[in-house]
Amino acid sequence: MYHIPPTPEQEAFIQKLMEFAKTGNAMLLGRPPLSESEEKAKMLIATDYARKMSLDMRMISPQYEDHPDNKASHCADNISKYYNKFNAQKGTQFVFSDLGTYKPGNWNVYSEIKRKLIEDHGIPPHEIRFIQEAKNENQRKEIIRNANEGKIRVLFGSTEMLGTGVNAQKRAVAVHHLDIPWRPSDLAQRDGRAIRKGNEIAKFFADNKVDIFIYAVEKSLDGYKFNTLYNKQVFIEQLKSNSLGKRTIDEGGIDEKTGMNFSEYVAILSGNTDLLEKAKLEKQIAGLESERQAHNRSKLASKYKLEDTMVTLGNTQKRFDRMNLDWENLQKRIQKNKDEDILNPVQLIGIPPDADVKQIGAKLNQLSAKARTAGQYEEIGTLYGFTLLVKTEVSQKEGVDLKDNRFFAQGEGNIKYTFNNGKMATDPKTASFNFLNALMKIPGMLEQEQKKITDLQKDLPVLQEVVNGTWKKEQTLSDLKTELAAVERKIQLSIKPENTQSEEQTETIEKQNPTISGQFVPVQDIRRGRAIL
């Protein structure tokens, strides 16, 4: 996986994509509003735009310009490195993309990378070709022949046109995936253009390996698509190898790689039903043991989750109690005027107790602009018994330190409450009400904490049931093992001793073969023409 940070344009477009997915406002993407039918396919449209954005912003709109950190640039750099590394052997490379394919006269990613290879890396134009340039089978064969001869060093194509039926592997040293297909088989077909018998350069000059690049822009769907592809492939392999944690597929299924083990094969040919029964029992036991293993893993995971849930529940309950204490104290102390409006008697250090709204607002704005607390909480006043605090937080942007002051109200529960994320408004009246507004958020926070407590309490009995539960097929497994042991004894009893040699004959053989005397090795019985133990 070749990870590429998003360009600034991609960063901005990612935000637009998220907003579009949320609102369906197609204007954000620079396109007309969605029709009724398009509205139903909103996420499909969003996915399509995300794929194009990741490949190149010019896939979205020609108004975007080239960027030195886009996929095309990184791909061209890597192609150039392998071009030079294997120049003496005339090593070739495949570049795959199902998006932005070559179209004469139109901008496309293929032509863009070719331009970079020619202009920035000095690779001759005739050594870079697109499989789409072949107009007929003869031209296609000529391109493949030239790639095998090293006349074409970089070959572009899509999965459909280049991923199958192309035997141009003779000099292949690298494969570049600009996009990621949805099916594991498609990725395997692409890689198979280079990773196949007849690759002479890889065999003799590259430790018999081909390097595969999968270009993934961070914060895009590339990583997700690759993980999806990987999970699909793992699942397929597990199905093929019969190694799923809990198997529900037919035990009698036959696969060319894992369908029949040796004992089944021999049993069927020999007509020995005991051997066949033994093989079936072994497979059933293996399946149940795999299922039991999965059950035990789930039980262990649930145990850890139960412990974590109980800790989280305890901490959440404590936080709820502390908030509740603050709210009860505030209700006891709160003052109202004759119109039942809540008063805002903020008292700030450094200004008179009877200061008006403008003075309070001015002081708070002064603190917002100039306070420097070195990352510590500094007391600046009180309100209804709550301590008012300011803290200077430092962040970095483009290597420059940015200092930002945030304001808090803290009660006896030692919880800090903020309004507007702790940012102070410039309007004096709004600024003076910052802390009161923060305290008025406590009921909503209590409601959220109570919901967390309720949800956690619902999880507890479920997790406890899993942790305390037992695997219900233990007896079945035990019975199968008993049955298997009986079958194995039956098989052993059915095997008659074949060695009828006398002790003297055996002693004579051992004397003739002193190096094998006393060892558990085959000895040839000349009379019967078979190997015995």
# chains A, B, ... in the order shown; residues from 1 in each chain; ligands from 1
call {"tool": "residues_around", "arguments": {"residues": "A:Trp327", "least_positions_apart": "2", "cutoff": "12 Å", "atoms": "only C-alpha atoms", "output": "PyMOL selection string"}}
result
chain A and resi 320-325+329-334+384-386+410-413+415+417+438-446
call {"tool": "residues_around", "arguments": {"residues": "A:Asp77", "least_positions_apart": "5", "cutoff": "10 Å", "atoms": "only C-alpha atoms", "output": "PDB file with all heavy atoms, in the first residue's frame"}}
result
ATOM      1  N   LYS A  71      -1.753  11.352  -7.278  1.00  0.00           N
ATOM      2  CA  LYS A  71      -1.392   9.976  -7.611  1.00  0.00           C
ATOM      3  C   LYS A  71      -0.515   9.900  -8.854  1.00  0.00           C
ATOM      4  O   LYS A  71       0.436   9.114  -8.914  1.00  0.00           O
ATOM      5  CB  LYS A  71      -2.662   9.139  -7.828  1.00  0.00           C
ATOM      6  CG  LYS A  71      -3.241   8.533  -6.578  1.00  0.00           C
ATOM      7  CD  LYS A  71      -4.332   7.530  -6.934  1.00  0.00           C
ATOM      8  CE  LYS A  71      -5.025   7.004  -5.688  1.00  0.00           C
ATOM      9  NZ  LYS A  71      -6.078   6.027  -5.994  1.00  0.00           N
ATOM     10  N   ALA A  72      -0.862  10.706  -9.843  1.00  0.00           N
ATOM     11  CA  ALA A  72      -0.111  10.672 -11.099  1.00  0.00           C
ATOM     12  C   ALA A  72       1.358  10.978 -10.857  1.00  0.00           C
ATOM     13  O   ALA A  72       2.251  10.325 -11.411  1.00  0.00           O
ATOM     14  CB  ALA A  72      -0.710  11.665 -12.099  1.00  0.00           C
ATOM     15  N   TYR A  82      11.932   2.380 -11.059  1.00  0.00           N
ATOM     16  CA  TYR A  82      12.061   0.996 -11.531  1.00  0.00           C
ATOM     17  C   TYR A  82      12.564   0.950 -12.971  1.00  0.00           C
ATOM     18  O   TYR A  82      13.258   0.006 -13.354  1.00  0.00           O
ATOM     19  CB  TYR A  82      10.728   0.258 -11.386  1.00  0.00           C
ATOM     20  CG  TYR A  82      10.496  -0.219  -9.976  1.00  0.00           C
ATOM     21  CD1 TYR A  82      10.113   0.661  -8.973  1.00  0.00           C
ATOM     22  CD2 TYR A  82      10.706  -1.550  -9.628  1.00  0.00           C
ATOM     23  CE1 TYR A  82       9.933   0.239  -7.672  1.00  0.00           C
ATOM     24  CE2 TYR A  82      10.525  -1.986  -8.324  1.00  0.00           C
ATOM     25  CZ  TYR A  82      10.134  -1.083  -7.349  1.00  0.00           C
ATOM     26  OH  TYR A  82       9.968  -1.504  -6.058  1.00  0.00           O
ATOM     27  N   TYR A  83      12.229   1.954 -13.731  1.00  0.00           N
ATOM     28  CA  TYR A  83      12.729   2.054 -15.102  1.00  0.00           C
ATOM     29  C   TYR A  83      14.256   2.118 -15.078  1.00  0.00           C
ATOM     30  O   TYR A  83      14.940   1.402 -15.830  1.00  0.00           O
ATOM     31  CB  TYR A  83      12.149   3.301 -15.773  1.00  0.00           C
ATOM     32  CG  TYR A  83      12.627   3.538 -17.191  1.00  0.00           C
ATOM     33  CD1 TYR A  83      11.899   3.079 -18.274  1.00  0.00           C
ATOM     34  CD2 TYR A  83      13.810   4.230 -17.447  1.00  0.00           C
ATOM     35  CE1 TYR A  83      12.326   3.282 -19.584  1.00  0.00           C
ATOM     36  CE2 TYR A  83      14.253   4.451 -18.741  1.00  0.00           C
ATOM     37  CZ  TYR A  83      13.508   3.970 -19.804  1.00  0.00           C
ATOM     38  OH  TYR A  83      13.938   4.183 -21.080  1.00  0.00           O
ATOM     39  N   ILE A 113       0.155  10.744 -16.806  1.00  0.00           N
ATOM     40  CA  ILE A 113       1.350  10.094 -16.276  1.00  0.00           C
ATOM     41  C   ILE A 113       2.411   9.960 -17.370  1.00  0.00           C
ATOM     42  O   ILE A 113       3.607  10.148 -17.113  1.00  0.00           O
ATOM     43  CB  ILE A 113       0.992   8.708 -15.691  1.00  0.00           C
ATOM     44  CG1 ILE A 113       0.047   8.884 -14.491  1.00  0.00           C
ATOM     45  CG2 ILE A 113       2.244   7.954 -15.267  1.00  0.00           C
ATOM     46  CD1 ILE A 113      -0.432   7.581 -13.886  1.00  0.00           C
ATOM     47  N   LYS A 116       4.232  13.194 -17.659  1.00  0.00           N
ATOM     48  CA  LYS A 116       5.182  13.373 -16.566  1.00  0.00           C
ATOM     49  C   LYS A 116       6.430  12.511 -16.776  1.00  0.00           C
ATOM     50  O   LYS A 116       7.558  12.942 -16.503  1.00  0.00           O
ATOM     51  CB  LYS A 116       4.532  13.012 -15.225  1.00  0.00           C
ATOM     52  CG  LYS A 116       3.464  14.007 -14.756  1.00  0.00           C
ATOM     53  CD  LYS A 116       2.793  13.529 -13.476  1.00  0.00           C
ATOM     54  CE  LYS A 116       1.718  14.501 -13.004  1.00  0.00           C
ATOM     55  NZ  LYS A 116       2.298  15.739 -12.446  1.00  0.00           N
ATOM     56  N   LEU A 117       6.216  11.272 -17.250  1.00  0.00           N
ATOM     57  CA  LEU A 117       7.353  10.381 -17.493  1.00  0.00           C
ATOM     58  C   LEU A 117       8.277  10.946 -18.574  1.00  0.00           C
ATOM     59  O   LEU A 117       9.507  10.807 -18.490  1.00  0.00           O
ATOM     60  CB  LEU A 117       6.859   8.996 -17.897  1.00  0.00           C
ATOM     61  CG  LEU A 117       6.155   8.183 -16.790  1.00  0.00           C
ATOM     62  CD1 LEU A 117       5.557   6.908 -17.375  1.00  0.00           C
ATOM     63  CD2 LEU A 117       7.133   7.847 -15.668  1.00  0.00           C
ATOM     64  N   ASP A 120       9.295  15.013 -17.117  1.00  0.00           N
ATOM     65  CA  ASP A 120       9.995  15.103 -15.826  1.00  0.00           C
ATOM     66  C   ASP A 120      11.066  14.041 -15.632  1.00  0.00           C
ATOM     67  O   ASP A 120      11.980  14.235 -14.825  1.00  0.00           O
ATOM     68  CB  ASP A 120       8.986  14.987 -14.672  1.00  0.00           C
ATOM     69  CG  ASP A 120       7.925  16.075 -14.718  1.00  0.00           C
ATOM     70  OD1 ASP A 120       8.175  17.112 -15.359  1.00  0.00           O
ATOM     71  OD2 ASP A 120       6.851  15.885 -14.114  1.00  0.00           O
ATOM     72  N   HIS A 121      10.926  12.911 -16.345  1.00  0.00           N
ATOM     73  CA  HIS A 121      11.854  11.805 -16.086  1.00  0.00           C
ATOM     74  C   HIS A 121      12.624  11.353 -17.325  1.00  0.00           C
ATOM     75  O   HIS A 121      13.443  10.428 -17.234  1.00  0.00           O
ATOM     76  CB  HIS A 121      11.098  10.618 -15.492  1.00  0.00           C
ATOM     77  CG  HIS A 121      10.397  10.952 -14.212  1.00  0.00           C
ATOM     78  ND1 HIS A 121      11.044  11.055 -13.003  1.00  0.00           N
ATOM     79  CD2 HIS A 121       9.083  11.229 -13.944  1.00  0.00           C
ATOM     80  CE1 HIS A 121      10.168  11.370 -12.049  1.00  0.00           C
ATOM     81  NE2 HIS A 121       8.976  11.478 -12.597  1.00  0.00           N
TER      82      HIS A 121
END
call {"tool": "select_by_dssp", "arguments": {"residues": "stretch 76-166 of chain A", "states": "strand (DSSP E or B)", "output": "number ranges by chain"}}
result
A: 92-96, 128-130, 154-157
call {"tool": "atom_distance", "arguments": {"atom1": "atom CA of A:Gly91", "atom2": "atom CA of A:Cys75"}}
result
16.4 Å
